[in-house]
Amino acid sequence: MLMRSPISVALFSFFLMPLVRADGPSDNLPDKVRRIPPPGIKISETDRAELENGVEVLASEIRSLRGEKPDMLDLLPDLQIFHKAVDWALRYDEFYKSNEVEVARTLLQQGAERAKALWASTAPWTNATGLVVRGYISKIDGSVQPYGLVVPASYQGAAAQKFRLDLWFHGRGETLTELDFINARQKSPGEFTPPDTFVLHLYGRYCNANKFAGEIDLFEALEDVKKHYPIDENRLVVRGFSMGGAACWQFATHYAGLWAAAAPGAGFSETADFLKVFQNEAVKPAWYEQKLWHLYDCTDYAVNLFNCPTVAYSGEIDRQKQAADMMAKALKAEGMKLTHIIGPKTAHAYERGAKEELNRRIDRIAARGRNAVPGRIRFTTWTLRYNQMLWVTVDGLEQHWERARVDAKLDRLANLVKATTKNVSALTFSMAAGECPFDPTRNPKVVLDGQKLAAPPVMSDRSWSAHFRKRGKQWTKVELAGSDALEKRHGLQGPIDDAFMDSFLMVQPTGEPINKNAGLWAEAEMKHAIDHWRRQFRGDARVKNDTEITDDDIASNNLVLWGDPSSNKLLARIASQLPIRWDAQGVHTPQADYPRDRYVPVLIYPNPLNPKRYVVLNSGFTFREYDYLNNARQVPKLPDWAIVDITVPVSSRAPGGIAKAGFFGEQWEFQASPKGAGRGSQ
């Protein structure tokens, strides 16, 4: 730990006092939840008419370009971001400052200028240096999403040089609309601008600490940047502060093998302790909620920083120093010590001297670059959603939501991989072309949990991969990483919220429901899911009637089926193949039967019509209005399945009463809930 000067306890207490209220005790009242995003200010009818006309003119340009300039389609999102920013501000009452009308005029003008350039088959912003805003189309919902860039002056178009790239995660901003984000990204380079470095400012789909769709935003934006600019994949650095610091902890621990370095500042690194310390909240999770904290709690993944150099920063009197303190404790338990730079007498900000020291360290680490094939990997996970660390991939778990570990070492002289595992049922060792350090004239040897195994040879391009699967207590070499069996695997492991991290389609029922009240509940919950997807993840959910679903829809999307087997024709096709049955008599699990007039099932399961995709019944993402008030709450609230009592009113925390809930097993089989776990969250 680097601390530049001590301060007295009295002074510490003095500076701490204004922070005691955190986000305020009113944000701990589920029955009095403020709206996020909040309602905007009223703008004049004259301004509204002018801006609406400008939005329509720009929309017409976009439509024409799409039809008549197919060679420019790849750059169309760079124009669409301006249209969306102003259109949504008008449509959804999202002007928050009096100057934002003028900002909207400016963005429409910039959109018009980009449209003019695309008609001329040019795109001058693609070669510009300095502050540039761009966009991409998300695979999740087809929405256009913006990002900001700081392009270094040394960038000269199609130069052979590859550049370091820093990814920056922004802080919490409940009024951070696309309008506000794009405007800011053209005026300020941000907190850090290292020389000869691209800085990618992520929108992260608004204000969710880059979770769920906000997490996928990083990879989609990064992929778009790599399409257009020469980026060195071994010199990627993740950085952020406050809410962005929380996002940085998340990416550093969950994707540690991708980065040259990580520099989280403040934020939060887990759920339970942070809500107690910062939010003064009495945290009382259901048993399955507590298990699901393992999805995003970075303290659970601390050992992964063994493979990602990390320099944390906190202000000395910042209550969010708690995040780094918790990570330091978790790292200590793994035999490591956190480098923690502390700004003296500083609250929630960077202190100049500490910032300089932080930069010196990160710049030095980034200059060395990422080691893609280190001699040792220490990896832990709790879910196959996060299953890879450099040359190690975990393909199967013995039990989800329990800790899994791999400790793997390379012996280059002996052409040997030696690894120990815990709670792992299948794994792969894989090195890309040019990366395998083994002698290609000798077959590598593998020792897994003390068992000696044959391994495939190294290929002539110096690539190598080997797959292993556990049968009972014995490991066996297999030809492929996966199998044809129904089993949990990466990207197909639940919980319900996982379906909304890839392309999804809402399927609306057109028939009559089994029960009128259940039908009304499902209709209201679907409207809620669509509305709140737009508010919190800044996209329009794709919706189709059950009678309109095509084979391509089934092949390409996770399907969210609303209604019941009587009202939804697609659900009727697969109802008999789901582990929870639903018919005219009610809802049936192997444990119990639930009357049809009171209960509705929600669940996630591999789609029987396409087992490579999910089907979800009657649920959007599972955290709700109460959870928007603090980003540490934005974690899954339901597991793989739940039985909802619709006679209990919908609330800011749940879609009704949760009569029973649980996880499916590793082969997606129904599992009984733990003894005494009858009550879910209400």
# chains A, B, ... in the order shown; residues from 1 in each chain; ligands from 1
$ closest_atom_pairs --of "stretch 223-281 of chain A" --to "stretch 359-369 of chain A" --cutoff "6 Å" --atoms "only C-alpha atoms" --output "Markdown table"
| residue | atom | partner | partner_atom | distance |
| --- | --- | --- | --- | --- |
| A:Asn234 | CA | A:Gly369 | CA | 5.2 |
| A:Arg235 | CA | A:Gly369 | CA | 5.0 |
| A:Ala260 | CA | A:Gly369 | CA | 5.3 |
$ closest_atom_pairs --of "stretch 616-679 of chain A" --to "stretch 292-311 of chain A" --cutoff "8 Å" --atoms "only C-alpha atoms" --output "tab-separated table"
residue	atom	partner	partner_atom	distance
A:Val635	CA	A:Trp293	CA	6.9
A:Pro636	CA	A:Leu292	CA	6.4
A:Lys637	CA	A:Leu292	CA	7.7
A:Pro639	CA	A:Leu292	CA	7.3
$ residues_around --residues "stretch 327-344 of chain A" --least-positions-apart "6" --cutoff "9 Å" --atoms "only C-alpha atoms" --output "ChimeraX atom specification"
/A:1-7,249,269-270,298-303,305-306,310-317,321,350-355,357-358
$ residues_around --residues "stretch 482-496 of chain A" --least-positions-apart "3" --cutoff "7 Å" --atoms "only C-alpha atoms" --output "number ranges by chain"
A: 384-385, 387, 395-396, 499, 603-604, 638-640, 666-668
$ write_last_selection --atoms "N, CA, C and O atoms" --output "short mmCIF file (atom, residue, chain, number, x, y, z; two decimals), in the first residue's frame"
data_model
loop_
_atom_site.label_atom_id
_atom_site.label_comp_id
_atom_site.auth_asym_id
_atom_site.auth_seq_id
_atom_site.Cartn_x
_atom_site.Cartn_y
_atom_site.Cartn_z
N LEU A 384 -20.16 -21.16 -15.74
CA LEU A 384 -19.54 -21.28 -17.06
C LEU A 384 -19.70 -20.02 -17.90
O LEU A 384 -19.11 -19.92 -18.97
N ARG A 385 -20.48 -19.04 -17.44
CA ARG A 385 -20.49 -17.74 -18.12
C ARG A 385 -19.07 -17.18 -18.16
O ARG A 385 -18.66 -16.59 -19.15
N ASN A 387 -15.54 -18.64 -18.04
CA ASN A 387 -14.94 -19.97 -18.05
C ASN A 387 -13.54 -20.02 -18.65
O ASN A 387 -13.01 -21.12 -18.85
N ASP A 395 -14.82 -26.23 -19.47
CA ASP A 395 -15.96 -26.56 -20.33
C ASP A 395 -17.13 -27.15 -19.55
O ASP A 395 -18.25 -27.20 -20.07
N GLY A 396 -16.90 -27.59 -18.32
CA GLY A 396 -17.99 -28.17 -17.53
C GLY A 396 -17.70 -28.05 -16.05
O GLY A 396 -16.55 -28.10 -15.62
N ALA A 499 -30.11 -14.84 -20.45
CA ALA A 499 -30.72 -14.83 -21.78
C ALA A 499 -30.64 -13.47 -22.44
O ALA A 499 -30.73 -13.35 -23.67
N LEU A 603 -38.98 -19.35 -15.98
CA LEU A 603 -37.81 -20.23 -16.04
C LEU A 603 -36.97 -19.92 -17.26
O LEU A 603 -37.39 -19.22 -18.18
N ILE A 604 -35.77 -20.47 -17.24
CA ILE A 604 -34.87 -20.46 -18.39
C ILE A 604 -34.45 -21.90 -18.65
O ILE A 604 -34.25 -22.69 -17.71
N LEU A 638 -33.65 -13.79 -9.43
CA LEU A 638 -34.26 -15.11 -9.57
C LEU A 638 -33.25 -16.06 -10.20
O LEU A 638 -32.43 -15.65 -11.03
N PRO A 639 -33.29 -17.35 -9.83
CA PRO A 639 -32.34 -18.33 -10.38
C PRO A 639 -32.80 -18.89 -11.73
O PRO A 639 -33.25 -18.13 -12.59
N ASP A 640 -32.74 -20.20 -11.92
CA ASP A 640 -33.14 -20.80 -13.20
C ASP A 640 -34.65 -20.92 -13.33
O ASP A 640 -35.19 -20.91 -14.44
N GLU A 666 -26.79 -29.83 -13.61
CA GLU A 666 -25.80 -29.68 -14.70
C GLU A 666 -26.28 -30.28 -16.01
O GLU A 666 -25.77 -29.94 -17.08
N GLN A 667 -27.25 -31.19 -15.95
CA GLN A 667 -27.88 -31.71 -17.18
C GLN A 667 -29.26 -31.08 -17.38
O GLN A 667 -30.12 -31.62 -18.05
N TRP A 668 -29.47 -29.93 -16.77
CA TRP A 668 -30.72 -29.18 -16.84
C TRP A 668 -31.89 -29.97 -16.26
O TRP A 668 -33.05 -29.74 -16.62
#
$ select_by_dssp --residues "stretch 405-629 of chain A" --states "strand (DSSP E or B)" --output "ChimeraX atom specification"
/A:405-411,416-422,424-431,445-448,451-454,464-471,474-478,489,492,504-508,543-545,558-561,581-583,586-588,593-595,599-607,610-617
$ residues_around --residues "stretch 648-652 of chain A" --least-positions-apart "2" --cutoff "6 Å" --atoms "only C-alpha atoms" --output "PyMOL selection string"
chain A and resi 624-626+645-646+654-657
$ write_last_selection --atoms "all heavy atoms" --output "CSV table (one decimal), in the first residue's frame"
chain,number,residue,atom,x,y,z
A,624,ARG,N,-35.3,-5.2,-10.3
A,624,ARG,CA,-36.4,-4.2,-10.6
A,624,ARG,C,-36.1,-2.8,-10.1
A,624,ARG,O,-35.0,-2.5,-9.7
A,624,ARG,CB,-37.7,-4.8,-10.1
A,624,ARG,CG,-38.1,-6.1,-10.8
A,624,ARG,CD,-39.3,-6.8,-10.2
A,624,ARG,NE,-40.6,-6.1,-10.6
A,624,ARG,CZ,-41.4,-6.6,-11.6
A,624,ARG,NH1,-41.0,-7.7,-12.3
A,624,ARG,NH2,-42.5,-6.0,-11.9
A,625,GLU,N,-37.2,-2.0,-10.0
A,625,GLU,CA,-37.0,-0.6,-9.7
A,625,GLU,C,-36.2,-0.3,-8.5
A,625,GLU,O,-35.4,0.7,-8.5
A,625,GLU,CB,-38.4,0.1,-9.6
A,625,GLU,CG,-39.2,0.2,-10.9
A,625,GLU,CD,-40.0,-1.0,-11.2
A,625,GLU,OE1,-39.7,-2.1,-10.7
A,625,GLU,OE2,-41.0,-0.8,-12.0
A,626,TYR,N,-36.4,-1.0,-7.4
A,626,TYR,CA,-35.7,-0.7,-6.2
A,626,TYR,C,-34.2,-0.9,-6.4
A,626,TYR,O,-33.4,-0.2,-5.8
A,626,TYR,CB,-36.2,-1.7,-5.1
A,626,TYR,CG,-35.4,-1.7,-3.8
A,626,TYR,CD1,-35.6,-0.6,-2.9
A,626,TYR,CD2,-34.5,-2.7,-3.5
A,626,TYR,CE1,-35.0,-0.6,-1.7
A,626,TYR,CE2,-33.9,-2.6,-2.3
A,626,TYR,CZ,-34.1,-1.6,-1.4
A,626,TYR,OH,-33.4,-1.6,-0.2
A,645,ASP,N,-46.5,-16.5,-7.3
A,645,ASP,CA,-47.8,-16.3,-6.7
A,645,ASP,C,-48.4,-15.0,-7.2
A,645,ASP,O,-48.0,-13.9,-6.7
A,645,ASP,CB,-47.8,-16.4,-5.2
A,645,ASP,CG,-49.2,-16.3,-4.6
A,645,ASP,OD1,-50.2,-16.0,-5.3
A,645,ASP,OD2,-49.3,-16.6,-3.4
A,646,ILE,N,-49.3,-15.0,-8.2
A,646,ILE,CA,-49.7,-13.7,-8.8
A,646,ILE,C,-50.8,-13.1,-7.9
A,646,ILE,O,-51.3,-12.0,-8.3
A,646,ILE,CB,-50.2,-13.9,-10.2
A,646,ILE,CG1,-51.4,-14.9,-10.3
A,646,ILE,CG2,-49.0,-14.4,-11.1
A,646,ILE,CD1,-52.0,-15.0,-11.7
A,654,ALA,N,-40.1,-7.5,-6.9
A,654,ALA,CA,-40.5,-8.9,-7.4
A,654,ALA,C,-41.7,-8.8,-8.2
A,654,ALA,O,-42.5,-7.9,-8.1
A,654,ALA,CB,-40.7,-9.8,-6.2
A,655,PRO,N,-41.9,-9.8,-9.1
A,655,PRO,CA,-43.1,-9.9,-10.0
A,655,PRO,C,-44.3,-10.4,-9.3
A,655,PRO,O,-45.3,-10.7,-10.0
A,655,PRO,CB,-42.6,-10.8,-11.1
A,655,PRO,CG,-41.7,-11.7,-10.5
A,655,PRO,CD,-40.9,-10.9,-9.4
A,656,GLY,N,-44.3,-10.6,-8.0
A,656,GLY,CA,-45.3,-11.2,-7.2
A,656,GLY,C,-44.7,-11.9,-6.0
A,656,GLY,O,-43.6,-11.6,-5.7
A,657,GLY,N,-45.4,-12.9,-5.5
A,657,GLY,CA,-44.8,-13.7,-4.4
A,657,GLY,C,-44.0,-14.8,-5.0
A,657,GLY,O,-44.5,-15.4,-6.0
$ atom_distance --atom1 "atom CA of A:Thr271" --atom2 "atom CA of A:Phe241"
17.2 Å
$ atom_distance --atom1 "atom CA of A:Arg573" --atom2 "atom CA of A:Asp531"
27.8 Å
